[in-house]
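Text of protein.tsv (TSV, C-alpha atoms and all ligand atoms) as supplied:
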chain	number	residue	atom	x	y	z
A	4	MET	CA	-26.44	-142.49	-95.82
A	5	THR	CA	-24.63	-143.82	-92.78
A	6	THR	CA	-22.70	-146.95	-92.05
A	7	PRO	CA	-22.26	-148.56	-88.65
A	8	GLY	CA	-18.70	-147.20	-88.54
A	9	ASP	CA	-20.03	-143.61	-88.43
A	10	HIS	CA	-21.56	-144.17	-85.01
A	11	PRO	CA	-18.99	-145.74	-82.76
A	12	ALA	CA	-20.93	-144.57	-79.71
A	13	GLY	CA	-24.19	-145.79	-81.23
A	14	ASP	CA	-26.20	-142.66	-80.43
A	15	ARG	CA	-24.35	-139.78	-82.13
A	16	PRO	CA	-25.78	-138.19	-85.28
A	17	ALA	CA	-23.77	-138.56	-88.46
A	18	THR	CA	-21.65	-135.50	-89.19
A	19	PRO	CA	-19.71	-134.46	-92.29
A	20	ARG	CA	-16.34	-136.09	-92.55
A	21	LEU	CA	-13.67	-133.38	-92.54
A	22	THR	CA	-10.88	-135.67	-91.51
A	23	ARG	CA	-8.19	-136.46	-94.06
A	24	ALA	CA	-5.28	-138.51	-92.88
A	25	ASP	CA	-2.85	-136.37	-94.90
A	26	LEU	CA	-4.11	-133.15	-93.30
A	27	GLU	CA	-4.12	-134.65	-89.82
A	28	ALA	CA	-0.46	-135.50	-90.26
A	29	LEU	CA	0.34	-131.91	-91.21
A	30	PRO	CA	1.64	-129.41	-88.65
A	31	SER	CA	-0.48	-126.25	-88.49
A	32	TYR	CA	1.05	-122.89	-89.41
A	33	VAL	CA	2.28	-121.43	-86.11
A	34	PRO	CA	1.65	-117.69	-85.74
A	35	GLY	CA	3.78	-115.73	-83.27
A	36	ARG	CA	1.93	-115.37	-79.97
A	37	SER	CA	0.51	-112.05	-78.82
A	38	PRO	CA	2.98	-109.91	-76.83
A	39	ALA	CA	0.07	-108.28	-74.97
A	40	ASP	CA	-1.07	-111.69	-73.69
A	41	LEU	CA	2.43	-112.63	-72.63
A	42	ALA	CA	2.99	-109.30	-70.85
A	43	ARG	CA	-0.28	-109.81	-68.93
A	44	GLU	CA	0.70	-113.36	-68.03
A	45	LEU	CA	4.12	-112.29	-66.75
A	46	GLY	CA	2.91	-109.09	-65.08
A	47	LEU	CA	5.33	-107.04	-67.22
A	48	PRO	CA	4.56	-103.61	-68.71
A	49	GLU	CA	5.27	-105.07	-72.14
A	50	ALA	CA	6.66	-108.04	-73.99
A	51	VAL	CA	8.62	-108.08	-77.23
A	52	LYS	CA	7.68	-110.13	-80.27
A	53	LEU	CA	10.62	-111.27	-82.37
A	54	ALA	CA	8.77	-114.20	-83.88
A	55	SER	CA	7.09	-113.19	-87.14
A	56	ASN	CA	9.73	-111.37	-89.19
A	57	GLU	CA	7.92	-108.05	-89.07
A	58	VAL	CA	9.79	-104.74	-89.32
A	59	PRO	CA	9.38	-102.91	-85.99
A	60	TYR	CA	9.08	-99.29	-87.13
A	61	GLY	CA	5.32	-98.94	-87.64
A	62	PRO	CA	3.40	-98.18	-90.84
A	63	LEU	CA	5.25	-96.00	-93.35
A	64	PRO	CA	4.44	-92.26	-93.51
A	65	GLY	CA	1.14	-91.63	-95.32
A	66	VAL	CA	-0.10	-95.20	-94.95
A	67	VAL	CA	-2.47	-94.65	-92.01
A	68	GLU	CA	-4.02	-91.64	-93.78
A	69	ALA	CA	-4.49	-93.68	-96.99
A	70	ILE	CA	-6.14	-96.44	-94.96
A	71	ALA	CA	-8.50	-93.95	-93.28
A	72	GLU	CA	-9.49	-92.53	-96.65
A	73	ALA	CA	-10.08	-95.98	-98.15
A	74	ALA	CA	-12.09	-96.99	-95.09
A	75	ALA	CA	-14.80	-94.57	-96.22
A	76	THR	CA	-15.50	-96.94	-99.13
A	77	ALA	CA	-15.76	-100.03	-96.92
A	78	HIS	CA	-19.34	-100.69	-98.00
A	79	ARG	CA	-18.17	-101.18	-101.61
A	80	TYR	CA	-16.27	-104.09	-103.12
A	81	PRO	CA	-12.67	-103.28	-104.01
A	82	ASP	CA	-11.36	-103.04	-107.57
A	83	MET	CA	-11.02	-106.72	-108.39
A	84	GLY	CA	-8.56	-105.98	-111.18
A	85	VAL	CA	-6.32	-104.07	-108.72
A	86	VAL	CA	-5.57	-101.81	-111.66
A	87	ALA	CA	-3.99	-98.76	-109.99
A	88	LEU	CA	-1.70	-100.87	-107.84
A	89	ARG	CA	-0.71	-103.25	-110.62
A	90	ASP	CA	0.03	-100.26	-112.88
A	91	THR	CA	2.18	-98.67	-110.17
A	92	LEU	CA	4.05	-101.91	-109.52
A	93	ALA	CA	4.50	-102.35	-113.26
A	94	ALA	CA	6.04	-98.88	-113.60
A	95	THR	CA	8.24	-99.39	-110.51
A	96	LEU	CA	9.45	-102.81	-111.60
A	97	ASP	CA	9.57	-101.97	-115.30
A	98	VAL	CA	7.38	-104.88	-116.39
A	99	ASP	CA	4.02	-105.04	-118.12
A	100	ALA	CA	1.03	-104.92	-115.74
A	101	GLY	CA	-0.29	-108.10	-117.38
A	102	ARG	CA	2.62	-109.94	-115.78
A	103	ILE	CA	1.55	-109.02	-112.24
A	104	ALA	CA	-0.94	-110.67	-109.92
A	105	THR	CA	-1.66	-109.49	-106.39
A	106	GLY	CA	-2.98	-111.59	-103.55
A	107	CYS	CA	-3.83	-111.83	-99.89
A	108	GLY	CA	-0.16	-111.97	-98.94
A	109	SER	CA	2.43	-113.70	-101.08
A	110	VAL	CA	1.59	-116.89	-99.21
A	111	ALA	CA	-1.81	-116.86	-100.93
A	112	LEU	CA	-0.11	-116.35	-104.28
A	113	ALA	CA	2.11	-119.37	-103.67
A	114	GLU	CA	-1.04	-121.37	-103.01
A	115	HIS	CA	-2.78	-120.01	-106.09
A	116	LEU	CA	0.24	-120.86	-108.23
A	117	VAL	CA	0.25	-124.42	-106.99
A	118	ARG	CA	-3.50	-124.66	-107.51
A	119	ALA	CA	-3.12	-123.33	-111.04
A	120	ALA	CA	-0.15	-125.57	-111.89
A	121	CYS	CA	-0.76	-128.87	-110.11
A	122	LEU	CA	-3.25	-131.68	-110.28
A	123	PRO	CA	-3.40	-134.28	-107.50
A	124	GLY	CA	-0.25	-136.37	-107.57
A	125	ASP	CA	1.86	-133.73	-109.31
A	126	GLU	CA	5.05	-133.01	-107.43
A	127	ILE	CA	6.42	-129.84	-105.83
A	128	VAL	CA	10.09	-129.79	-104.93
A	129	TYR	CA	11.40	-127.58	-102.16
A	130	SER	CA	14.23	-127.42	-99.67
A	131	TRP	CA	13.57	-128.40	-96.08
A	132	ARG	CA	13.61	-126.76	-93.63
A	133	SER	CA	12.09	-123.80	-95.44
A	134	PHE	CA	8.91	-121.70	-95.22
A	135	GLU	CA	6.42	-123.65	-93.15
A	136	ALA	CA	3.53	-122.82	-95.51
A	137	TYR	CA	4.99	-124.90	-98.38
A	138	PRO	CA	3.97	-128.35	-97.08
A	139	ILE	CA	0.56	-127.00	-96.06
A	140	ILE	CA	0.01	-125.57	-99.54
A	141	ALA	CA	1.09	-128.83	-101.17
A	142	ALA	CA	-1.16	-130.95	-99.01
A	143	THR	CA	-4.23	-128.75	-99.31
A	144	THR	CA	-3.93	-128.60	-103.09
A	145	GLY	CA	-3.42	-132.37	-103.42
A	146	ALA	CA	0.10	-132.01	-104.78
A	147	THR	CA	2.89	-134.24	-103.51
A	148	SER	CA	5.68	-132.62	-101.52
A	149	VAL	CA	9.22	-133.62	-102.40
A	150	ARG	CA	11.46	-132.23	-99.67
A	151	VAL	CA	15.17	-131.99	-100.25
A	152	PRO	CA	17.19	-131.68	-97.02
A	153	ASN	CA	19.08	-128.45	-96.44
A	154	THR	CA	22.87	-128.54	-96.66
A	155	ALA	CA	24.93	-128.80	-93.48
A	156	GLY	CA	25.19	-125.01	-93.68
A	157	HIS	CA	21.34	-124.74	-93.51
A	158	GLY	CA	20.91	-123.60	-97.13
A	159	HIS	CA	19.30	-125.02	-100.27
A	160	ASP	CA	21.08	-127.97	-101.88
A	161	LEU	CA	20.31	-126.86	-105.42
A	162	ALA	CA	22.12	-129.79	-107.06
A	163	ALA	CA	20.04	-132.25	-105.02
A	164	MET	CA	16.89	-130.24	-105.77
A	165	ALA	CA	17.60	-130.41	-109.50
A	166	ALA	CA	18.21	-134.14	-109.17
A	167	ALA	CA	14.83	-134.52	-107.41
A	168	VAL	CA	12.95	-133.09	-110.39
A	169	THR	CA	11.08	-135.77	-112.35
A	170	ASP	CA	8.59	-135.67	-115.18
A	171	ARG	CA	5.89	-135.35	-112.49
A	172	THR	CA	7.42	-132.16	-111.04
A	173	ARG	CA	5.29	-129.15	-111.89
A	174	LEU	CA	6.92	-126.61	-109.66
A	175	VAL	CA	10.10	-125.97	-107.66
A	176	LEU	CA	10.17	-123.45	-104.82
A	177	VAL	CA	13.40	-121.60	-104.14
A	178	CYS	CA	13.18	-119.49	-100.99
A	179	ASN	CA	15.85	-116.84	-101.30
A	180	PRO	CA	16.76	-115.80	-98.63
A	181	ASN	CA	15.45	-118.89	-96.90
A	182	ASN	CA	12.96	-118.69	-94.05
A	183	PRO	CA	13.77	-119.68	-91.29
A	184	THR	CA	17.53	-120.11	-91.73
A	185	GLY	CA	18.35	-116.75	-93.39
A	186	THR	CA	20.72	-118.43	-95.86
A	187	SER	CA	20.71	-117.50	-99.51
A	188	VAL	CA	21.61	-118.97	-102.86
A	189	ARG	CA	24.10	-117.14	-104.99
A	190	ARG	CA	24.12	-116.26	-108.66
A	191	ALA	CA	26.46	-118.99	-109.94
A	192	GLU	CA	24.49	-121.75	-108.16
A	193	LEU	CA	21.14	-120.40	-109.32
A	194	ASP	CA	22.38	-119.96	-112.90
A	195	ALA	CA	23.50	-123.60	-112.99
A	196	PHE	CA	20.28	-124.78	-111.34
A	197	LEU	CA	18.05	-122.96	-113.81
A	198	ALA	CA	20.10	-124.24	-116.73
A	199	ASP	CA	19.67	-127.80	-115.42
A	200	LEU	CA	15.89	-127.80	-115.16
A	201	PRO	CA	13.50	-128.78	-117.92
A	202	PRO	CA	11.90	-125.64	-119.39
A	203	THR	CA	8.47	-127.05	-118.51
A	204	THR	CA	9.16	-126.92	-114.76
A	205	LEU	CA	7.97	-123.75	-113.10
A	206	VAL	CA	10.56	-122.23	-110.77
A	207	VAL	CA	9.13	-119.99	-108.08
A	208	LEU	CA	11.66	-117.61	-106.56
A	209	ASP	CA	10.16	-116.65	-103.21
A	210	GLU	CA	11.82	-113.34	-102.39
A	211	ALA	CA	9.82	-112.21	-99.37
A	212	TYR	CA	13.03	-110.86	-97.80
A	213	ARG	CA	14.73	-109.45	-100.90
A	214	GLU	CA	15.03	-105.92	-99.48
A	215	PHE	CA	17.36	-107.14	-96.71
A	216	VAL	CA	19.91	-108.74	-99.05
A	217	THR	CA	23.36	-107.13	-98.93
A	218	ASP	CA	25.48	-109.85	-100.58
A	219	ALA	CA	26.06	-108.68	-104.15
A	220	GLU	CA	26.40	-112.34	-105.20
A	221	VAL	CA	22.77	-113.01	-104.27
A	222	PRO	CA	20.83	-112.24	-107.42
A	223	ASP	CA	17.69	-110.14	-107.68
A	224	GLY	CA	15.41	-112.82	-109.12
A	225	LEU	CA	13.19	-110.36	-110.92
A	226	ALA	CA	15.96	-108.32	-112.54
A	227	GLU	CA	18.09	-111.30	-113.46
A	228	TYR	CA	15.69	-114.17	-114.20
A	229	GLY	CA	12.23	-112.61	-114.30
A	230	ASP	CA	11.96	-112.66	-118.09
A	231	ARG	CA	12.46	-116.42	-118.40
A	232	PRO	CA	9.34	-118.30	-119.45
A	233	ASN	CA	9.44	-120.73	-116.49
A	234	VAL	CA	10.34	-118.28	-113.68
A	235	VAL	CA	7.88	-116.67	-111.27
A	236	VAL	CA	9.02	-114.16	-108.65
A	237	LEU	CA	7.05	-113.75	-105.44
A	238	ARG	CA	7.38	-110.58	-103.39
A	239	THR	CA	5.50	-109.21	-100.40
A	240	LEU	CA	4.62	-105.87	-98.87
A	241	SER	CA	4.43	-107.53	-95.43
A	242	LYS	CA	8.04	-107.25	-94.39
A	243	ALA	CA	10.18	-104.30	-95.53
A	244	TRP	CA	7.09	-102.35	-96.60
A	245	GLY	CA	5.40	-102.71	-93.22
A	246	LEU	CA	1.99	-104.00	-94.30
A	247	ALA	CA	1.90	-107.47	-92.72
A	248	GLY	CA	-1.48	-106.78	-91.14
A	249	LEU	CA	-3.14	-105.84	-94.41
A	250	ARG	CA	-2.18	-108.98	-96.31
A	251	ILE	CA	-0.83	-107.98	-99.66
A	252	GLY	CA	1.80	-109.49	-101.90
A	253	TYR	CA	2.43	-109.80	-105.61
A	254	LEU	CA	4.01	-112.00	-108.20
A	255	VAL	CA	5.64	-111.31	-111.53
A	256	ALA	CA	5.43	-114.02	-114.18
A	257	GLN	CA	4.84	-114.46	-117.88
A	258	PRO	CA	1.42	-113.07	-118.89
A	259	ASP	CA	-0.26	-116.48	-119.28
A	260	ILE	CA	0.92	-117.63	-115.86
A	261	ALA	CA	-0.10	-114.36	-114.18
A	262	ALA	CA	-3.49	-114.60	-115.90
A	263	ALA	CA	-3.94	-118.19	-114.68
A	264	VAL	CA	-3.19	-117.06	-111.13
A	265	ARG	CA	-5.60	-114.13	-111.38
A	266	LYS	CA	-8.23	-116.67	-112.46
A	267	VAL	CA	-7.87	-118.82	-109.34
A	268	VAL	CA	-7.44	-115.97	-106.84
A	269	THR	CA	-10.29	-115.75	-104.35
A	270	PRO	CA	-12.45	-112.91	-105.73
A	271	PHE	CA	-11.84	-109.50	-104.12
A	272	SER	CA	-9.15	-110.87	-101.79
A	273	THR	CA	-6.98	-107.75	-102.17
A	274	SER	CA	-9.08	-105.33	-100.12
A	275	ALA	CA	-9.55	-101.66	-101.02
A	276	VAL	CA	-7.73	-100.72	-97.81
A	277	ALA	CA	-4.80	-102.96	-98.70
A	278	GLN	CA	-4.64	-101.54	-102.22
A	279	ALA	CA	-4.66	-97.94	-100.94
A	280	ALA	CA	-2.09	-98.70	-98.27
A	281	ALA	CA	0.18	-100.43	-100.78
A	282	LEU	CA	0.02	-97.43	-103.11
A	283	ALA	CA	0.94	-95.12	-100.24
A	284	ALA	CA	3.75	-97.43	-99.09
A	285	LEU	CA	5.25	-97.65	-102.57
A	286	ARG	CA	5.69	-93.87	-102.52
A	287	GLN	CA	8.06	-94.32	-99.55
A	288	ALA	CA	10.90	-96.24	-101.17
A	289	ASP	CA	13.56	-94.00	-99.59
A	290	GLU	CA	12.16	-94.49	-96.12
A	291	VAL	CA	11.94	-98.25	-96.72
A	292	ARG	CA	15.62	-98.26	-97.69
A	293	ARG	CA	16.49	-96.30	-94.54
A	294	ARG	CA	14.57	-98.73	-92.32
A	295	CYS	CA	16.00	-101.79	-94.03
A	296	ASP	CA	19.50	-100.40	-93.52
A	297	LEU	CA	18.76	-100.08	-89.79
A	298	VAL	CA	17.54	-103.68	-89.71
A	299	ILE	CA	20.60	-104.88	-91.64
A	300	ALA	CA	23.02	-103.11	-89.26
A	301	GLU	CA	21.20	-104.66	-86.32
A	302	ARG	CA	21.15	-108.09	-87.98
A	303	ASP	CA	24.90	-107.98	-88.35
A	304	ARG	CA	25.37	-106.78	-84.76
A	305	VAL	CA	23.07	-109.49	-83.34
A	306	THR	CA	24.74	-112.18	-85.47
A	307	GLU	CA	28.17	-111.23	-84.20
A	308	ALA	CA	27.02	-111.11	-80.58
A	309	ILE	CA	25.07	-114.36	-80.63
A	310	ARG	CA	27.90	-116.24	-82.36
A	311	LYS	CA	29.91	-115.80	-79.16
A	312	VAL	CA	27.54	-118.32	-77.57
A	313	VAL	CA	26.26	-120.20	-80.65
A	314	PRO	CA	29.22	-120.21	-83.07
A	315	ASP	CA	27.40	-122.00	-85.90
A	316	VAL	CA	24.73	-119.33	-86.50
A	317	PRO	CA	24.63	-119.04	-90.30
A	318	GLY	CA	25.05	-115.65	-91.96
A	319	SER	CA	21.61	-114.15	-92.64
A	320	GLN	CA	20.51	-112.11	-95.64
A	321	ALA	CA	17.04	-111.60	-94.16
A	322	ASN	CA	15.58	-109.76	-91.16
A	323	PHE	CA	16.04	-112.67	-88.78
A	324	VAL	CA	18.73	-114.99	-87.56
A	325	TRP	CA	18.70	-118.75	-87.09
A	326	LEU	CA	20.08	-120.42	-83.99
A	327	PRO	CA	20.61	-124.11	-84.82
A	328	LEU	CA	20.03	-125.30	-81.26
A	329	GLY	CA	18.62	-128.76	-82.08
A	330	ASP	CA	17.12	-130.38	-78.99
A	331	ARG	CA	17.59	-127.23	-76.93
A	332	SER	CA	15.31	-125.14	-79.18
A	333	VAL	CA	12.03	-125.43	-77.29
A	334	GLU	CA	13.69	-124.95	-73.92
A	335	PHE	CA	15.48	-121.83	-75.21
A	336	GLY	CA	12.22	-120.48	-76.62
A	337	LYS	CA	10.60	-120.94	-73.21
A	338	ALA	CA	13.52	-119.25	-71.43
A	339	CYS	CA	13.13	-116.21	-73.72
A	340	GLU	CA	9.37	-116.11	-73.23
A	341	ALA	CA	9.75	-116.27	-69.46
A	342	ARG	CA	11.70	-113.01	-69.76
A	343	GLY	CA	9.16	-111.37	-72.07
A	344	VAL	CA	10.77	-112.07	-75.46
A	345	ILE	CA	8.79	-114.12	-77.97
A	346	VAL	CA	10.99	-115.96	-80.47
A	347	ARG	CA	10.12	-118.79	-82.84
A	348	PRO	CA	11.39	-122.27	-81.91
A	349	PHE	CA	11.21	-125.13	-84.41
A	350	PRO	CA	11.31	-128.20	-82.14
A	351	GLY	CA	14.43	-130.29	-82.54
A	352	GLU	CA	15.90	-127.95	-85.15
A	353	GLY	CA	16.52	-124.37	-84.18
A	354	VAL	CA	15.12	-121.00	-83.18
A	355	ARG	CA	14.37	-118.10	-85.50
A	356	VAL	CA	14.77	-114.65	-84.02
A	357	THR	CA	13.47	-111.60	-85.87
A	358	ILE	CA	15.57	-108.46	-85.79
A	359	GLY	CA	13.74	-105.74	-83.88
A	360	THR	CA	14.67	-102.26	-82.72
A	361	PRO	CA	18.12	-101.86	-81.10
A	362	ALA	CA	16.47	-101.89	-77.65
A	363	GLU	CA	14.50	-105.06	-78.47
A	364	ASN	CA	17.62	-106.75	-79.78
A	365	ASP	CA	19.56	-105.75	-76.65
A	366	LEU	CA	16.81	-107.26	-74.53
A	367	PHE	CA	16.97	-110.46	-76.59
A	368	LEU	CA	20.75	-110.67	-76.25
A	369	SER	CA	20.57	-110.05	-72.50
A	370	VAL	CA	18.13	-112.94	-72.18
A	371	ALA	CA	19.84	-115.25	-74.67
A	372	GLU	CA	23.43	-115.07	-73.51
A	373	PRO	CA	22.85	-116.42	-69.98
A	374	ALA	CA	20.34	-119.00	-71.28
A	375	LEU	CA	22.90	-120.39	-73.69
A	376	THR	CA	26.04	-120.44	-71.56
B	1	LIG	N1	7.45	-116.33	-98.26
B	1	LIG	C1	8.25	-116.43	-97.20
B	1	LIG	C2	9.59	-117.04	-97.38
B	1	LIG	C3	7.83	-115.96	-95.95
B	1	LIG	O1	8.63	-116.08	-94.90
B	1	LIG	C4	6.57	-115.38	-95.83
B	1	LIG	C5	6.04	-114.85	-94.53
B	1	LIG	N2	6.42	-115.45	-93.40
B	1	LIG	C6	5.78	-115.31	-96.96
B	1	LIG	C7	6.24	-115.79	-98.16
B	1	LIG	C8	4.41	-114.78	-96.93
B	1	LIG	O2	4.30	-113.50	-96.56
B	1	LIG	P1	2.92	-112.74	-96.77
B	1	LIG	O3	1.86	-113.75	-96.99
B	1	LIG	O4	2.72	-111.97	-95.53
B	1	LIG	O5	3.12	-111.90	-97.99

For the file at hand, write its structure as structure tokens.
Ligand code: PMP
Amino acid sequence: MTTPGDHPAGDRPATPRLTRADLEALPSYVPGRSPADLARELGLPEAVKLASNEVPYGPLPGVVEAIAEAAATAHRYPDMGVVALRDTLAATLDVDAGRIATGCGSVALAEHLVRAACLPGDEIVYSWRSFEAYPIIAATTGATSVRVPNTAGHGHDLAAMAAAVTDRTRLVLVCNPNNPTGTSVRRAELDAFLADLPPTTLVVLDEAYREFVTDAEVPDGLAEYGDRPNVVVLRTLSKAWGLAGLRIGYLVAQPDIAAAVRKVVTPFSTSAVAQAAALAALRQADEVRRRCDLVIAERDRVTEAIRKVVPDVPGSQANFVWLPLGDRSVEFGKACEARGVIVRPFPGEGVRVTIGTPAENDLFLSVAEPALT
């Protein structure tokens, strides 16, 4: 059935309405642009991508071979129960496998959690600016976003977040360390925050960057809070474990919550190749530690160097640094790109720069320093 309003031009056929004002108002997730395209555009032999928080050292030893082997079963559906991987994670993390759900990246698990926990109009509280997927997840699941502004130091204001919780709040997201600012919440603050919340509110500790944390005061959410009935810990194999391209993450929660998430997961969304690669990667914990230590040393070096020109760069516990450049952010991003370095500007707020290899970081610093002085 059509109404006159469907045909403003009078002669166009009616088409399905896919326009929702709330979605139109939503910024799209911005992926880092392709370095190959930029290099071609600039006529350079190569460009450097420091925009997506990847670790620059390639797949871990044994991963490519595991992928090749799993590729031979590509005509078959994967194990939907993800049994071998969940068992391995369970043994590594010392939790029951029934408490684990895997998904197409931890971003998908965050979405599944919200879908499992929220009905339209239910509220999700999170700090802002934080991971850009949170508002998209809220809007697409019909939940209402309650954004609590970051502190002046670019971190979570946990007291304000606790105060924003109402009887309509189903879920609170704590991004620790926070993307894109690299800040982290410490044990005493998180203890007080968790004690403040009603036990019926689900607290999701998004620890995508946990492996890069060096501050002993920043708690391991799984070890320290994972057994609480209202806590869910999200982790990913995309960053430290080098599997961003295969899309695999996991969560640890109480068995009923993990089961609810497994129910709403898109069937077969953890591919056989991703499962095999994850199993191979998990055998490389020592190499992961070695690589993370390289990234951490570089993070600290880049932070110190960049603070000479941007003194208010917050300390980062992740594999990126945040330059709070405000109105200069887009212009700075363009200046870097013009020299073959792709960073991630957030217009009007700041620029996130992923830590790369020492040579990539040197290139970034050589571009950034003159652009900022
Ligand atoms: N959480 C945070 C805080 C992130 O920054 C990211 C990736 N940018 C994710 C979750 C999702 O990572 P993935 O889906 O690759 O596991």

**Request:** Compile the contact shell of Val344 (chain A) as a PyMOL selection string: residues with an atom at most 7 Å away, counting only C-alpha atoms, same-chain residues fewer than 3 positions apart removed.
**Result:** chain A and resi 50-53+339-340+367

Counting all atoms listed in the file, give me one row per residue of chain A with an atom at most 6 Å from an atom of ligand LIG 1 (chain B), showing the shortest contact pair and its distance in Å to one decimal, sorted by chain then residue number, as a tab-separated table.
residue	atom	partner	partner_atom	distance
A:Gly108	CA	B:LIG1	O3	3.3
A:Ser109	CA	B:LIG1	O5	3.6
A:Val110	CA	B:LIG1	O3	3.9
A:Phe134	CA	B:LIG1	C2	5.2
A:Cys178	CA	B:LIG1	C2	5.7
A:Asn182	CA	B:LIG1	C2	5.0
A:Asp209	CA	B:LIG1	N1	5.7
A:Ala211	CA	B:LIG1	N1	4.9
A:Thr239	CA	B:LIG1	O5	4.3
A:Ser241	CA	B:LIG1	O4	4.8
A:Ala247	CA	B:LIG1	O4	5.4
A:Arg250	CA	B:LIG1	O4	5.8
A:Ile251	CA	B:LIG1	O5	5.8
A:Gly252	CA	B:LIG1	O5	4.8

**Message:** So that I can see what lies close to region 119-127 of chain A, please list as a PyMOL selection string the residues with an atom at most 6 Å from it, counting all atoms listed in the file and leaving out residues fewer than 5 positions away in the same chain.
**Reply:** chain A and resi 145-149+171-175

**Prompt:** So which residues touch region 43-48 of chain A within 10 Å, counting only C-alpha atoms, skipping near sequence neighbours fewer than 2 positions away, as number ranges by chain?
**Reply:** A: 38-41, 50, 340-343

**Asked** Which is closest to Val85 (chain A) among A:Ser187, A:Pro180, A:Val207, A:Ala279, if we use only C-alpha atoms?
**Response** A:Ala279

**Request:** Might you pull out every residue within 9 Å of region 284-291 of chain A, with only C-alpha atoms counted and same-chain residues fewer than 5 positions away left off, and present them as number ranges by chain?
**Result:** A: 62-66, 91-92, 95, 214, 240, 243-246, 279, 296

Dump as a compact mmCIF listing (two decimals), in the frame of the given file, selection limited to C-alpha atoms:
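Done, and the output landed in again33.txt:
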# COMPACT_ATOMS: atom_id res chain seq x y z
CA PRO A 62 3.40 -98.18 -90.84
CA LEU A 63 5.25 -96.00 -93.35
CA PRO A 64 4.44 -92.26 -93.51
CA GLY A 65 1.14 -91.63 -95.32
CA VAL A 66 -0.10 -95.20 -94.95
CA THR A 91 2.18 -98.67 -110.17
CA LEU A 92 4.05 -101.91 -109.52
CA THR A 95 8.24 -99.39 -110.51
CA GLU A 214 15.03 -105.92 -99.48
CA LEU A 240 4.62 -105.87 -98.87
CA ALA A 243 10.18 -104.30 -95.53
CA TRP A 244 7.09 -102.35 -96.60
CA GLY A 245 5.40 -102.71 -93.22
CA LEU A 246 1.99 -104.00 -94.30
CA ALA A 279 -4.66 -97.94 -100.94
CA ASP A 296 19.50 -100.40 -93.52

**Asked** Out of A:Gly106, A:Gly61, A:Pro373, A:Pro152, which residue has the shortest atom-to-atom distance to Leu237 (chain A) when counting only C-alpha atoms?
**Response**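 Between A:Gly106, A:Gly61, A:Pro373, A:Pro152, the residue approaching Leu237 (chain A) most closely is A:Gly106.
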
**Item:** Interatomic distance, CA of Glu363 (chain A) to CA of Gly158 (chain A) (Å, one decimal)
**Value:** 27.1 Å

If the box runs along x, y and z of the file and leaves 6 Å on each side of region 206-213 of chain A, what are its centre and edge lengths in Å, one decimal, as lines of an AutoDock Vina configuration file?
center_x = 11.9
center_y = -115.8
center_z = -104.3
size_x = 17.6
size_y = 24.8
size_z = 25.0

**Request:** Find the residues around region 200-206 of chain A up to 10 Å (all atoms listed in the file counted), leave out those fewer than 5 positions away in its own chain, and share them as an MDAnalysis selection string.
**Result:** chainID A and resid 116:117 120 127:128 164:166 168:177 195 231:236 260

**Prompt:** Looking at all atoms listed in the file, which of A:Thr217, A:Glu57, A:Glu301, A:Val33 is the one that sits closest to Gly248 (chain A)?
**Reply:**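 Of A:Thr217, A:Glu57, A:Glu301, A:Val33, the one nearest Gly248 (chain A) is A:Glu57, counting all atoms listed in the file.
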
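Between CA of Glu352 (chain A) and CA of Pro327 (chain A) there is a distance of 6.1 Å.
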
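Counting from CA of Val298 (chain A), the distance to CA of Ile140 (chain A) is 29.7 Å.
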
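Counting only C-alpha atoms and comparing A:Val86, A:Ala42, A:Ala261, A:Val255, the residue that lies closest to Gln278 (chain A) is A:Val86.
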
**Asked** Pick the closest to Thr273 (chain A) from A:Leu26, A:Ala74, A:Ala54, A:Ala104: which is it, counting only C-alpha atoms?
**Response** A:Ala104

**Message:** Nearest residue to Ile345 (chain A) out of A:Pro16, A:Asn56, A:Glu220, A:Gly329, using only C-alpha atoms?
**Reply:**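 Among the listed residues, the smallest separation from Ile345 (chain A) belongs to A:Asn56.
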
**Message:** Taking (19.3, -110.0, -85.1) in the coordinates of the supplied file, I want to know which residues reach to within 12 Å of it, counting all atoms listed in the file; could you give the answer as a ChimeraX atom specification?
**Reply:** /A:53-54,56,58,185,297-310,316-326,346,354-368,371
